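Some notes on the structure that comes next.
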Amino acid sequence: MKVIAFLNNKGGVGKTTCSRTMAEYLSKIRKLPTLAIDFDPQCNFSHQYLNMEIDPASPEGLMPPIHPDYDHTDPDDADWDGRSSIAEIFYGQGVMPYPTYIEHLDLAPGHAERLLAAESVRRSEVVEKVHKQLTNFLSSPDVQATYKAVVIDTAPSKGPLTVSVIKAATHIVIPSVMEEQPVQGIYGMLQLWMQESLARDKQRPLKLVGILPNMFKQTRLHRDILKSLQDNAAIGKYIMPVKLSQRIVFAEIDSEDANPHSIFDFHNNHVAKDEAMEVCDYIAERIFADE
């Protein structure tokens with residue numbers, strides 16, 4: 001099972017768009033049973049597929065809706081409130097992924113308040129209570145038997161949740177806008193990748209697919225920064241030869257009444273679809289090359 005994480009500790013670089021695009025590509029185009037995981041307390045990834053609800057305990061945060069398989073009259077569900085999120089892994093509870101409107105794609109949504117609570121665990125407990133939990137969940141026989149790929153959207157941080165994702169991932173992608181502050185985030189993620197690579201068993205490497213120029217604009221600033229990264233002796237080899245441009249269509253398909261609702265449902269030769277296909281083909285070829 002391949003576990004692909006999109007990481008950058010700077011916000012506003014389009015990680016959620018990249019995660020969504022890759023998850024839909026794997027499920028719709030490659031027909032792989034795919035699990036999408038939302039590890040960002042903002043829950044934007046979850047909101048793409050579920051009608052997330054305001055959390056009464058934390059009005060600024062979101063929580064998942066009632067699961068479609070929940071039956072309050074079933075004695076087996078007596079100890080369950082009907083909601084499930086990926087945050088359950090930090091509280092010793094099971095995770096019940098939600099089906100989405102896309103065939104082959106399930107979602108383990110976020111829960112803002114619970115993810116933030118896990119993020120704030122005491123330093124002395126972080127390894128046992130946070131760092132290991134996602135790896136344990138994804139290693140479970142049920143998850144391994146059900147899914148061929150996992151795509152994880154992450155928060156813009158280098159905190160315990162992000163470390164948990166890095167420890168569980170088999171592959172990482174670092175999307176970045178070609179601007180000064182987002183590019184700084186690249187170096188922080190490369191550092192975490194190198195640290196994790198050194199600590200891991202060599203039989204289970206963490207592979208960097210590459211740095212993805214995202215939300216790219218044909219401006220002098222973006223072109224110059226991309227060129228400087230490509231020419232950089234330390235990281236030029238990691239810059240992907242593909243990119244996702246800044247396009248209004250990615251915002252339009254987020255709306256509830258969007259039609260189509262996936263970039264891959266647009267007609268052939270649609271410029272945004274073609275670009276998304278090129279990016280996802282490149283990432284998938286790097287990930288599945290050993291199969």
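Following the order of the structure tokens, chains are lettered A, B, ..., residues in each are numbered from 1, and ligands are numbered from 1.
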Could you pull out the strand (DSSP E or B) residues of stretch 7-238 of chain A from DSSP and send them as a PDB file with all heavy atoms, in the first residue's frame?
```
ATOM      1  N   THR A  34      -8.842   3.814  -2.772  1.00  0.00           N
ATOM      2  CA  THR A  34      -8.018   4.877  -2.196  1.00  0.00           C
ATOM      3  C   THR A  34      -8.664   5.443  -0.942  1.00  0.00           C
ATOM      4  O   THR A  34      -9.878   5.666  -0.907  1.00  0.00           O
ATOM      5  CB  THR A  34      -7.809   6.005  -3.226  1.00  0.00           C
ATOM      6  OG1 THR A  34      -7.176   5.468  -4.398  1.00  0.00           O
ATOM      7  CG2 THR A  34      -6.946   7.125  -2.666  1.00  0.00           C
ATOM      8  N   LEU A  35      -7.852   5.696   0.066  1.00  0.00           N
ATOM      9  CA  LEU A  35      -8.313   6.342   1.289  1.00  0.00           C
ATOM     10  C   LEU A  35      -7.703   7.737   1.363  1.00  0.00           C
ATOM     11  O   LEU A  35      -6.480   7.888   1.346  1.00  0.00           O
ATOM     12  CB  LEU A  35      -7.892   5.536   2.519  1.00  0.00           C
ATOM     13  CG  LEU A  35      -8.246   6.156   3.881  1.00  0.00           C
ATOM     14  CD1 LEU A  35      -9.761   6.271   4.066  1.00  0.00           C
ATOM     15  CD2 LEU A  35      -7.613   5.353   5.021  1.00  0.00           C
ATOM     16  N   ALA A  36      -8.554   8.753   1.419  1.00  0.00           N
ATOM     17  CA  ALA A  36      -8.104  10.126   1.628  1.00  0.00           C
ATOM     18  C   ALA A  36      -8.165  10.415   3.127  1.00  0.00           C
ATOM     19  O   ALA A  36      -9.140  10.060   3.792  1.00  0.00           O
ATOM     20  CB  ALA A  36      -8.992  11.103   0.859  1.00  0.00           C
ATOM     21  N   ILE A  37      -7.130  11.052   3.657  1.00  0.00           N
ATOM     22  CA  ILE A  37      -7.061  11.376   5.083  1.00  0.00           C
ATOM     23  C   ILE A  37      -6.829  12.866   5.246  1.00  0.00           C
ATOM     24  O   ILE A  37      -5.928  13.430   4.627  1.00  0.00           O
ATOM     25  CB  ILE A  37      -5.936  10.590   5.784  1.00  0.00           C
ATOM     26  CG1 ILE A  37      -6.250   9.084   5.771  1.00  0.00           C
ATOM     27  CG2 ILE A  37      -5.748  11.067   7.216  1.00  0.00           C
ATOM     28  CD1 ILE A  37      -5.161   8.230   6.409  1.00  0.00           C
ATOM     29  N   ASP A  38      -7.638  13.485   6.093  1.00  0.00           N
ATOM     30  CA  ASP A  38      -7.502  14.920   6.363  1.00  0.00           C
ATOM     31  C   ASP A  38      -6.844  15.111   7.728  1.00  0.00           C
ATOM     32  O   ASP A  38      -7.480  14.936   8.755  1.00  0.00           O
ATOM     33  CB  ASP A  38      -8.876  15.586   6.331  1.00  0.00           C
ATOM     34  CG  ASP A  38      -8.775  17.106   6.335  1.00  0.00           C
ATOM     35  OD1 ASP A  38      -7.666  17.639   6.539  1.00  0.00           O
ATOM     36  OD2 ASP A  38      -9.811  17.771   6.127  1.00  0.00           O
ATOM     37  N   PHE A  39      -5.568  15.497   7.704  1.00  0.00           N
ATOM     38  CA  PHE A  39      -4.824  15.699   8.943  1.00  0.00           C
ATOM     39  C   PHE A  39      -4.662  17.176   9.272  1.00  0.00           C
ATOM     40  O   PHE A  39      -3.836  17.535  10.122  1.00  0.00           O
ATOM     41  CB  PHE A  39      -3.456  15.021   8.834  1.00  0.00           C
ATOM     42  CG  PHE A  39      -3.214  13.948   9.859  1.00  0.00           C
ATOM     43  CD1 PHE A  39      -4.039  12.839   9.937  1.00  0.00           C
ATOM     44  CD2 PHE A  39      -2.159  14.028  10.749  1.00  0.00           C
ATOM     45  CE1 PHE A  39      -3.828  11.846  10.874  1.00  0.00           C
ATOM     46  CE2 PHE A  39      -1.927  13.048  11.700  1.00  0.00           C
ATOM     47  CZ  PHE A  39      -2.770  11.952  11.765  1.00  0.00           C
ATOM     48  N   GLU A  53     -19.890  19.775   9.787  1.00  0.00           N
ATOM     49  CA  GLU A  53     -20.772  20.531  10.668  1.00  0.00           C
ATOM     50  C   GLU A  53     -19.979  21.359  11.673  1.00  0.00           C
ATOM     51  O   GLU A  53     -18.837  21.023  12.005  1.00  0.00           O
ATOM     52  CB  GLU A  53     -21.699  19.564  11.411  1.00  0.00           C
ATOM     53  CG  GLU A  53     -22.596  18.749  10.478  1.00  0.00           C
ATOM     54  CD  GLU A  53     -23.477  17.756  11.232  1.00  0.00           C
ATOM     55  OE1 GLU A  53     -23.478  17.790  12.488  1.00  0.00           O
ATOM     56  OE2 GLU A  53     -24.159  16.952  10.569  1.00  0.00           O
ATOM     57  N   ILE A  54     -20.585  22.427  12.148  1.00  0.00           N
ATOM     58  CA  ILE A  54     -19.974  23.242  13.194  1.00  0.00           C
ATOM     59  C   ILE A  54     -19.951  22.432  14.492  1.00  0.00           C
ATOM     60  O   ILE A  54     -20.943  21.823  14.882  1.00  0.00           O
ATOM     61  CB  ILE A  54     -20.756  24.549  13.417  1.00  0.00           C
ATOM     62  CG1 ILE A  54     -20.774  25.391  12.125  1.00  0.00           C
ATOM     63  CG2 ILE A  54     -20.158  25.347  14.569  1.00  0.00           C
ATOM     64  CD1 ILE A  54     -19.411  25.872  11.697  1.00  0.00           C
ATOM     65  N   ASP A  55     -18.823  22.426  15.163  1.00  0.00           N
ATOM     66  CA  ASP A  55     -18.667  21.696  16.414  1.00  0.00           C
ATOM     67  C   ASP A  55     -19.183  22.561  17.573  1.00  0.00           C
ATOM     68  O   ASP A  55     -18.613  23.615  17.848  1.00  0.00           O
ATOM     69  CB  ASP A  55     -17.190  21.360  16.620  1.00  0.00           C
ATOM     70  CG  ASP A  55     -16.946  20.471  17.825  1.00  0.00           C
ATOM     71  OD1 ASP A  55     -17.883  20.258  18.612  1.00  0.00           O
ATOM     72  OD2 ASP A  55     -15.803  19.994  17.976  1.00  0.00           O
ATOM     73  N   SER A  58     -16.623  23.688  19.935  1.00  0.00           N
ATOM     74  CA  SER A  58     -15.588  24.565  19.394  1.00  0.00           C
ATOM     75  C   SER A  58     -16.153  25.245  18.155  1.00  0.00           C
ATOM     76  O   SER A  58     -15.897  24.810  17.024  1.00  0.00           O
ATOM     77  CB  SER A  58     -14.328  23.761  19.043  1.00  0.00           C
ATOM     78  OG  SER A  58     -13.339  24.573  18.493  1.00  0.00           O
ATOM     79  N   PRO A  59     -16.943  26.302  18.340  1.00  0.00           N
ATOM     80  CA  PRO A  59     -17.692  26.912  17.233  1.00  0.00           C
ATOM     81  C   PRO A  59     -16.848  27.347  16.036  1.00  0.00           C
ATOM     82  O   PRO A  59     -17.374  27.501  14.936  1.00  0.00           O
ATOM     83  CB  PRO A  59     -18.362  28.122  17.898  1.00  0.00           C
ATOM     84  CG  PRO A  59     -18.460  27.751  19.341  1.00  0.00           C
ATOM     85  CD  PRO A  59     -17.227  26.945  19.622  1.00  0.00           C
ATOM     86  N   GLU A  60     -15.552  27.546  16.250  1.00  0.00           N
ATOM     87  CA  GLU A  60     -14.700  27.924  15.124  1.00  0.00           C
ATOM     88  C   GLU A  60     -14.182  26.710  14.352  1.00  0.00           C
ATOM     89  O   GLU A  60     -13.521  26.861  13.317  1.00  0.00           O
ATOM     90  CB  GLU A  60     -13.514  28.752  15.615  1.00  0.00           C
ATOM     91  CG  GLU A  60     -13.925  30.107  16.196  1.00  0.00           C
ATOM     92  CD  GLU A  60     -12.734  30.939  16.604  1.00  0.00           C
ATOM     93  OE1 GLU A  60     -11.599  30.440  16.474  1.00  0.00           O
ATOM     94  OE2 GLU A  60     -12.939  32.077  17.041  1.00  0.00           O
ATOM     95  N   GLY A  61     -14.499  25.502  14.854  1.00  0.00           N
ATOM     96  CA  GLY A  61     -13.994  24.290  14.225  1.00  0.00           C
ATOM     97  C   GLY A  61     -15.098  23.458  13.610  1.00  0.00           C
ATOM     98  O   GLY A  61     -16.292  23.664  13.857  1.00  0.00           O
ATOM     99  N   LEU A  62     -14.693  22.475  12.803  1.00  0.00           N
ATOM    100  CA  LEU A  62     -15.637  21.600  12.119  1.00  0.00           C
ATOM    101  C   LEU A  62     -15.490  20.172  12.613  1.00  0.00           C
ATOM    102  O   LEU A  62     -14.422  19.757  13.078  1.00  0.00           O
ATOM    103  CB  LEU A  62     -15.389  21.642  10.607  1.00  0.00           C
ATOM    104  CG  LEU A  62     -15.600  22.983   9.906  1.00  0.00           C
ATOM    105  CD1 LEU A  62     -15.200  22.878   8.435  1.00  0.00           C
ATOM    106  CD2 LEU A  62     -17.049  23.433  10.033  1.00  0.00           C
ATOM    107  N   MET A  63     -16.593  19.424  12.502  1.00  0.00           N
ATOM    108  CA  MET A  63     -16.567  18.002  12.828  1.00  0.00           C
ATOM    109  C   MET A  63     -17.351  17.249  11.752  1.00  0.00           C
ATOM    110  O   MET A  63     -18.166  17.840  11.032  1.00  0.00           O
ATOM    111  CB  MET A  63     -17.183  17.752  14.204  1.00  0.00           C
ATOM    112  CG  MET A  63     -18.637  18.092  14.306  1.00  0.00           C
ATOM    113  SD  MET A  63     -19.267  17.763  15.991  1.00  0.00           S
ATOM    114  CE  MET A  63     -21.014  18.162  15.786  1.00  0.00           C
ATOM    115  N   TYR A  98     -15.640   7.295   5.582  1.00  0.00           N
ATOM    116  CA  TYR A  98     -16.897   7.641   4.922  1.00  0.00           C
ATOM    117  C   TYR A  98     -16.769   7.374   3.419  1.00  0.00           C
ATOM    118  O   TYR A  98     -15.734   7.689   2.822  1.00  0.00           O
ATOM    119  CB  TYR A  98     -17.219   9.120   5.106  1.00  0.00           C
ATOM    120  CG  TYR A  98     -17.626   9.537   6.497  1.00  0.00           C
ATOM    121  CD1 TYR A  98     -16.741   9.468   7.561  1.00  0.00           C
ATOM    122  CD2 TYR A  98     -18.910  10.046   6.736  1.00  0.00           C
ATOM    123  CE1 TYR A  98     -17.104   9.877   8.840  1.00  0.00           C
ATOM    124  CE2 TYR A  98     -19.289  10.464   8.009  1.00  0.00           C
ATOM    125  CZ  TYR A  98     -18.384  10.368   9.053  1.00  0.00           C
ATOM    126  OH  TYR A  98     -18.745  10.780  10.321  1.00  0.00           O
ATOM    127  N   PRO A  99     -17.815   6.836   2.808  1.00  0.00           N
ATOM    128  CA  PRO A  99     -17.803   6.757   1.340  1.00  0.00           C
ATOM    129  C   PRO A  99     -17.950   8.167   0.766  1.00  0.00           C
ATOM    130  O   PRO A  99     -18.513   9.053   1.418  1.00  0.00           O
ATOM    131  CB  PRO A  99     -19.029   5.895   1.028  1.00  0.00           C
ATOM    132  CG  PRO A  99     -19.959   6.135   2.180  1.00  0.00           C
ATOM    133  CD  PRO A  99     -19.071   6.330   3.389  1.00  0.00           C
ATOM    134  N   LEU A 105     -13.186   5.790  -3.734  1.00  0.00           N
ATOM    135  CA  LEU A 105     -12.554   6.776  -2.849  1.00  0.00           C
ATOM    136  C   LEU A 105     -13.328   6.900  -1.540  1.00  0.00           C
ATOM    137  O   LEU A 105     -14.501   7.272  -1.537  1.00  0.00           O
ATOM    138  CB  LEU A 105     -12.483   8.141  -3.531  1.00  0.00           C
ATOM    139  CG  LEU A 105     -11.831   9.266  -2.690  1.00  0.00           C
ATOM    140  CD1 LEU A 105     -10.380   8.934  -2.357  1.00  0.00           C
ATOM    141  CD2 LEU A 105     -11.918  10.608  -3.424  1.00  0.00           C
ATOM    142  N   ASP A 106     -12.661   6.583  -0.429  1.00  0.00           N
ATOM    143  CA  ASP A 106     -13.207   6.789   0.904  1.00  0.00           C
ATOM    144  C   ASP A 106     -12.442   7.923   1.591  1.00  0.00           C
ATOM    145  O   ASP A 106     -11.328   8.267   1.185  1.00  0.00           O
ATOM    146  CB  ASP A 106     -13.093   5.519   1.742  1.00  0.00           C
ATOM    147  CG  ASP A 106     -14.026   4.408   1.285  1.00  0.00           C
ATOM    148  OD1 ASP A 106     -14.948   4.690   0.497  1.00  0.00           O
ATOM    149  OD2 ASP A 106     -13.804   3.251   1.705  1.00  0.00           O
ATOM    150  N   LEU A 107     -13.050   8.457   2.631  1.00  0.00           N
ATOM    151  CA  LEU A 107     -12.435   9.574   3.349  1.00  0.00           C
ATOM    152  C   LEU A 107     -12.446   9.337   4.849  1.00  0.00           C
ATOM    153  O   LEU A 107     -13.481   8.987   5.433  1.00  0.00           O
ATOM    154  CB  LEU A 107     -13.202  10.872   3.044  1.00  0.00           C
ATOM    155  CG  LEU A 107     -12.821  12.099   3.874  1.00  0.00           C
ATOM    156  CD1 LEU A 107     -11.436  12.609   3.468  1.00  0.00           C
ATOM    157  CD2 LEU A 107     -13.857  13.212   3.718  1.00  0.00           C
ATOM    158  N   ALA A 108     -11.296   9.522   5.471  1.00  0.00           N
ATOM    159  CA  ALA A 108     -11.206   9.619   6.930  1.00  0.00           C
ATOM    160  C   ALA A 108     -11.088  11.112   7.232  1.00  0.00           C
ATOM    161  O   ALA A 108      -9.999  11.690   7.095  1.00  0.00           O
ATOM    162  CB  ALA A 108      -9.998   8.854   7.451  1.00  0.00           C
ATOM    163  N   ALA A 149      -3.982   2.588  -1.985  1.00  0.00           N
ATOM    164  CA  ALA A 149      -3.298   3.875  -1.890  1.00  0.00           C
ATOM    165  C   ALA A 149      -3.968   4.732  -0.821  1.00  0.00           C
ATOM    166  O   ALA A 149      -5.176   4.628  -0.592  1.00  0.00           O
ATOM    167  CB  ALA A 149      -3.327   4.604  -3.229  1.00  0.00           C
ATOM    168  N   VAL A 150      -3.155   5.561  -0.182  1.00  0.00           N
ATOM    169  CA  VAL A 150      -3.633   6.518   0.813  1.00  0.00           C
ATOM    170  C   VAL A 150      -3.047   7.882   0.445  1.00  0.00           C
ATOM    171  O   VAL A 150      -1.863   7.984   0.135  1.00  0.00           O
ATOM    172  CB  VAL A 150      -3.182   6.127   2.234  1.00  0.00           C
ATOM    173  CG1 VAL A 150      -3.636   7.169   3.254  1.00  0.00           C
ATOM    174  CG2 VAL A 150      -3.698   4.739   2.611  1.00  0.00           C
ATOM    175  N   VAL A 151      -3.902   8.902   0.468  1.00  0.00           N
ATOM    176  CA  VAL A 151      -3.444  10.273   0.183  1.00  0.00           C
ATOM    177  C   VAL A 151      -3.766  11.129   1.399  1.00  0.00           C
ATOM    178  O   VAL A 151      -4.911  11.152   1.864  1.00  0.00           O
ATOM    179  CB  VAL A 151      -4.130  10.856  -1.068  1.00  0.00           C
ATOM    180  CG1 VAL A 151      -3.695  12.305  -1.292  1.00  0.00           C
ATOM    181  CG2 VAL A 151      -3.801  10.013  -2.301  1.00  0.00           C
ATOM    182  N   ILE A 152      -2.751  11.843   1.911  1.00  0.00           N
ATOM    183  CA  ILE A 152      -2.907  12.592   3.155  1.00  0.00           C
ATOM    184  C   ILE A 152      -2.686  14.084   2.918  1.00  0.00           C
ATOM    185  O   ILE A 152      -1.640  14.488   2.397  1.00  0.00           O
ATOM    186  CB  ILE A 152      -1.926  12.096   4.239  1.00  0.00           C
ATOM    187  CG1 ILE A 152      -2.028  10.577   4.401  1.00  0.00           C
ATOM    188  CG2 ILE A 152      -2.207  12.784   5.569  1.00  0.00           C
ATOM    189  CD1 ILE A 152      -0.990   9.995   5.349  1.00  0.00           C
ATOM    190  N   ASP A 153      -3.664  14.880   3.334  1.00  0.00           N
ATOM    191  CA  ASP A 153      -3.516  16.333   3.350  1.00  0.00           C
ATOM    192  C   ASP A 153      -3.069  16.740   4.750  1.00  0.00           C
ATOM    193  O   ASP A 153      -3.555  16.196   5.745  1.00  0.00           O
ATOM    194  CB  ASP A 153      -4.844  17.006   3.011  1.00  0.00           C
ATOM    195  CG  ASP A 153      -4.706  18.509   2.834  1.00  0.00           C
ATOM    196  OD1 ASP A 153      -3.620  18.971   2.444  1.00  0.00           O
ATOM    197  OD2 ASP A 153      -5.691  19.231   3.082  1.00  0.00           O
ATOM    198  N   THR A 154      -2.140  17.682   4.830  1.00  0.00           N
ATOM    199  CA  THR A 154      -1.537  18.022   6.111  1.00  0.00           C
ATOM    200  C   THR A 154      -1.688  19.497   6.449  1.00  0.00           C
ATOM    201  O   THR A 154      -1.963  20.328   5.589  1.00  0.00           O
ATOM    202  CB  THR A 154      -0.028  17.684   6.102  1.00  0.00           C
ATOM    203  OG1 THR A 154       0.610  18.415   5.043  1.00  0.00           O
ATOM    204  CG2 THR A 154       0.191  16.196   5.881  1.00  0.00           C
ATOM    205  N   HIS A 171       5.730   7.891   0.541  1.00  0.00           N
ATOM    206  CA  HIS A 171       6.165   8.886  -0.429  1.00  0.00           C
ATOM    207  C   HIS A 171       5.658  10.264   0.001  1.00  0.00           C
ATOM    208  O   HIS A 171       4.549  10.374   0.534  1.00  0.00           O
ATOM    209  CB  HIS A 171       5.614   8.583  -1.821  1.00  0.00           C
ATOM    210  CG  HIS A 171       6.099   7.283  -2.395  1.00  0.00           C
ATOM    211  ND1 HIS A 171       5.583   6.067  -2.002  1.00  0.00           N
ATOM    212  CD2 HIS A 171       7.060   7.018  -3.322  1.00  0.00           C
ATOM    213  CE1 HIS A 171       6.197   5.097  -2.672  1.00  0.00           C
ATOM    214  NE2 HIS A 171       7.099   5.645  -3.472  1.00  0.00           N
ATOM    215  N   ILE A 172       6.457  11.292  -0.252  1.00  0.00           N
ATOM    216  CA  ILE A 172       6.009  12.651   0.031  1.00  0.00           C
ATOM    217  C   ILE A 172       6.199  13.534  -1.193  1.00  0.00           C
ATOM    218  O   ILE A 172       7.108  13.321  -2.006  1.00  0.00           O
ATOM    219  CB  ILE A 172       6.738  13.274   1.247  1.00  0.00           C
ATOM    220  CG1 ILE A 172       8.242  13.405   1.000  1.00  0.00           C
ATOM    221  CG2 ILE A 172       6.469  12.464   2.499  1.00  0.00           C
ATOM    222  CD1 ILE A 172       8.954  14.184   2.096  1.00  0.00           C
ATOM    223  N   VAL A 173       5.300  14.500  -1.308  1.00  0.00           N
ATOM    224  CA  VAL A 173       5.367  15.533  -2.340  1.00  0.00           C
ATOM    225  C   VAL A 173       5.345  16.872  -1.623  1.00  0.00           C
ATOM    226  O   VAL A 173       4.548  17.076  -0.700  1.00  0.00           O
ATOM    227  CB  VAL A 173       4.179  15.440  -3.316  1.00  0.00           C
ATOM    228  CG1 VAL A 173       4.241  16.570  -4.351  1.00  0.00           C
ATOM    229  CG2 VAL A 173       4.156  14.074  -4.008  1.00  0.00           C
ATOM    230  N   ILE A 174       6.215  17.784  -2.031  1.00  0.00           N
ATOM    231  CA  ILE A 174       6.276  19.111  -1.428  1.00  0.00           C
ATOM    232  C   ILE A 174       5.785  20.138  -2.450  1.00  0.00           C
ATOM    233  O   ILE A 174       6.547  20.542  -3.339  1.00  0.00           O
ATOM    234  CB  ILE A 174       7.708  19.463  -0.981  1.00  0.00           C
ATOM    235  CG1 ILE A 174       8.267  18.390  -0.044  1.00  0.00           C
ATOM    236  CG2 ILE A 174       7.729  20.835  -0.295  1.00  0.00           C
ATOM    237  CD1 ILE A 174       9.732  18.592   0.324  1.00  0.00           C
ATOM    238  N   PRO A 175       4.515  20.550  -2.367  1.00  0.00           N
ATOM    239  CA  PRO A 175       4.045  21.593  -3.276  1.00  0.00           C
ATOM    240  C   PRO A 175       4.473  22.964  -2.767  1.00  0.00           C
ATOM    241  O   PRO A 175       4.545  23.188  -1.552  1.00  0.00           O
ATOM    242  CB  PRO A 175       2.520  21.432  -3.237  1.00  0.00           C
ATOM    243  CG  PRO A 175       2.221  20.787  -1.933  1.00  0.00           C
ATOM    244  CD  PRO A 175       3.451  20.054  -1.483  1.00  0.00           C
ATOM    245  N   SER A 176       4.755  23.862  -3.678  1.00  0.00           N
ATOM    246  CA  SER A 176       5.135  25.209  -3.257  1.00  0.00           C
ATOM    247  C   SER A 176       4.777  26.223  -4.322  1.00  0.00           C
ATOM    248  O   SER A 176       4.937  25.971  -5.519  1.00  0.00           O
ATOM    249  CB  SER A 176       6.634  25.296  -2.958  1.00  0.00           C
ATOM    250  OG  SER A 176       6.979  26.596  -2.501  1.00  0.00           O
ATOM    251  N   LYS A 207      10.400   7.932   0.377  1.00  0.00           N
ATOM    252  CA  LYS A 207      10.838   8.466  -0.909  1.00  0.00           C
ATOM    253  C   LYS A 207      10.243   9.853  -1.175  1.00  0.00           C
ATOM    254  O   LYS A 207       9.034  10.061  -0.998  1.00  0.00           O
ATOM    255  CB  LYS A 207      10.450   7.499  -2.030  1.00  0.00           C
ATOM    256  CG  LYS A 207      11.126   6.129  -1.893  1.00  0.00           C
ATOM    257  CD  LYS A 207      10.752   5.190  -3.013  1.00  0.00           C
ATOM    258  CE  LYS A 207      11.428   3.835  -2.849  1.00  0.00           C
ATOM    259  NZ  LYS A 207      11.074   2.896  -3.941  1.00  0.00           N
ATOM    260  N   LEU A 208      11.089  10.764  -1.570  1.00  0.00           N
ATOM    261  CA  LEU A 208      10.651  12.100  -1.978  1.00  0.00           C
ATOM    262  C   LEU A 208      10.352  12.065  -3.468  1.00  0.00           C
ATOM    263  O   LEU A 208      11.256  11.907  -4.289  1.00  0.00           O
ATOM    264  CB  LEU A 208      11.732  13.134  -1.674  1.00  0.00           C
ATOM    265  CG  LEU A 208      11.484  14.551  -2.205  1.00  0.00           C
ATOM    266  CD1 LEU A 208      10.218  15.153  -1.609  1.00  0.00           C
ATOM    267  CD2 LEU A 208      12.691  15.444  -1.941  1.00  0.00           C
ATOM    268  N   VAL A 209       9.072  12.194  -3.816  1.00  0.00           N
ATOM    269  CA  VAL A 209       8.694  12.220  -5.228  1.00  0.00           C
ATOM    270  C   VAL A 209       9.250  13.484  -5.878  1.00  0.00           C
ATOM    271  O   VAL A 209       9.753  13.457  -6.997  1.00  0.00           O
ATOM    272  CB  VAL A 209       7.167  12.159  -5.382  1.00  0.00           C
ATOM    273  CG1 VAL A 209       6.771  12.246  -6.857  1.00  0.00           C
ATOM    274  CG2 VAL A 209       6.625  10.868  -4.772  1.00  0.00           C
ATOM    275  N   GLY A 210       9.154  14.602  -5.149  1.00  0.00           N
ATOM    276  CA  GLY A 210       9.717  15.833  -5.668  1.00  0.00           C
ATOM    277  C   GLY A 210       9.016  17.062  -5.125  1.00  0.00           C
ATOM    278  O   GLY A 210       8.083  16.981  -4.336  1.00  0.00           O
ATOM    279  N   ILE A 211       9.529  18.204  -5.555  1.00  0.00           N
ATOM    280  CA  ILE A 211       8.960  19.515  -5.210  1.00  0.00           C
ATOM    281  C   ILE A 211       8.103  19.963  -6.381  1.00  0.00           C
ATOM    282  O   ILE A 211       8.595  20.070  -7.515  1.00  0.00           O
ATOM    283  CB  ILE A 211      10.082  20.529  -4.931  1.00  0.00           C
ATOM    284  CG1 ILE A 211      10.926  20.071  -3.728  1.00  0.00           C
ATOM    285  CG2 ILE A 211       9.503  21.924  -4.688  1.00  0.00           C
ATOM    286  CD1 ILE A 211      12.268  20.767  -3.621  1.00  0.00           C
ATOM    287  N   LEU A 212       6.823  20.187  -6.125  1.00  0.00           N
ATOM    288  CA  LEU A 212       5.870  20.502  -7.187  1.00  0.00           C
ATOM    289  C   LEU A 212       5.591  22.001  -7.252  1.00  0.00           C
ATOM    290  O   LEU A 212       5.001  22.561  -6.322  1.00  0.00           O
ATOM    291  CB  LEU A 212       4.560  19.747  -6.948  1.00  0.00           C
ATOM    292  CG  LEU A 212       3.393  20.083  -7.896  1.00  0.00           C
ATOM    293  CD1 LEU A 212       3.743  19.712  -9.336  1.00  0.00           C
ATOM    294  CD2 LEU A 212       2.118  19.374  -7.444  1.00  0.00           C
ATOM    295  N   PRO A 213       5.983  22.684  -8.320  1.00  0.00           N
ATOM    296  CA  PRO A 213       5.568  24.081  -8.496  1.00  0.00           C
ATOM    297  C   PRO A 213       4.044  24.136  -8.638  1.00  0.00           C
ATOM    298  O   PRO A 213       3.479  23.543  -9.558  1.00  0.00           O
ATOM    299  CB  PRO A 213       6.269  24.505  -9.791  1.00  0.00           C
ATOM    300  CG  PRO A 213       7.408  23.538  -9.951  1.00  0.00           C
ATOM    301  CD  PRO A 213       6.878  22.234  -9.398  1.00  0.00           C
ATOM    302  N   PHE A 216       1.055  28.063 -10.148  1.00  0.00           N
ATOM    303  CA  PHE A 216       2.085  28.768 -10.916  1.00  0.00           C
ATOM    304  C   PHE A 216       1.453  29.822 -11.822  1.00  0.00           C
ATOM    305  O   PHE A 216       0.447  29.579 -12.477  1.00  0.00           O
ATOM    306  CB  PHE A 216       2.883  27.776 -11.748  1.00  0.00           C
ATOM    307  CG  PHE A 216       4.110  28.362 -12.390  1.00  0.00           C
ATOM    308  CD1 PHE A 216       5.272  28.512 -11.658  1.00  0.00           C
ATOM    309  CD2 PHE A 216       4.089  28.774 -13.716  1.00  0.00           C
ATOM    310  CE1 PHE A 216       6.415  29.056 -12.241  1.00  0.00           C
ATOM    311  CE2 PHE A 216       5.215  29.310 -14.300  1.00  0.00           C
ATOM    312  CZ  PHE A 216       6.386  29.466 -13.569  1.00  0.00           C
TER     313      PHE A 216
END
```
Please provide the set of residues having any atom within 12 Å of A:Pro97, restricted to only C-alpha atoms, with same-chain residues fewer than 5 positions apart removed, written as a VMD selection string.
-> chain A and resid 34 to 38 46 49 to 50 64 to 70 82 to 88 105 to 110 142 to 143 146 to 147
Counting only C-alpha atoms, what is within 12 Å of A:Thr135, bar same-chain residues fewer than 3 positions away, as a VMD selection string?
-> chain A and resid 3 89 to 90 127 to 132 138 to 140 143 to 144 150 161 163 to 170
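Straight-line separation from atom CA of A:His47 to atom CA of A:Phe6: 17.3 Å.
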Per residue of stretch 226-279 of chain A within 12 Å of stretch 187-198 of chain A, which atom pair is closest and at what distance in Å (one decimal), using only C-alpha atoms, listed by chain and increasing number, as CSV?
```
residue,atom,partner,partner_atom,distance
A:Leu229,CA,A:Tyr187,CA,11.4
A:Ala234,CA,A:Tyr187,CA,10.2
A:Ile235,CA,A:Tyr187,CA,8.9
A:Tyr238,CA,A:Leu190,CA,9.9
```
Nearest to A:Lys158 among A:Asp40, A:His261, A:Pro75, A:Leu26, with distances taken over only C-alpha atoms: which residue is it?
-> A:Asp40
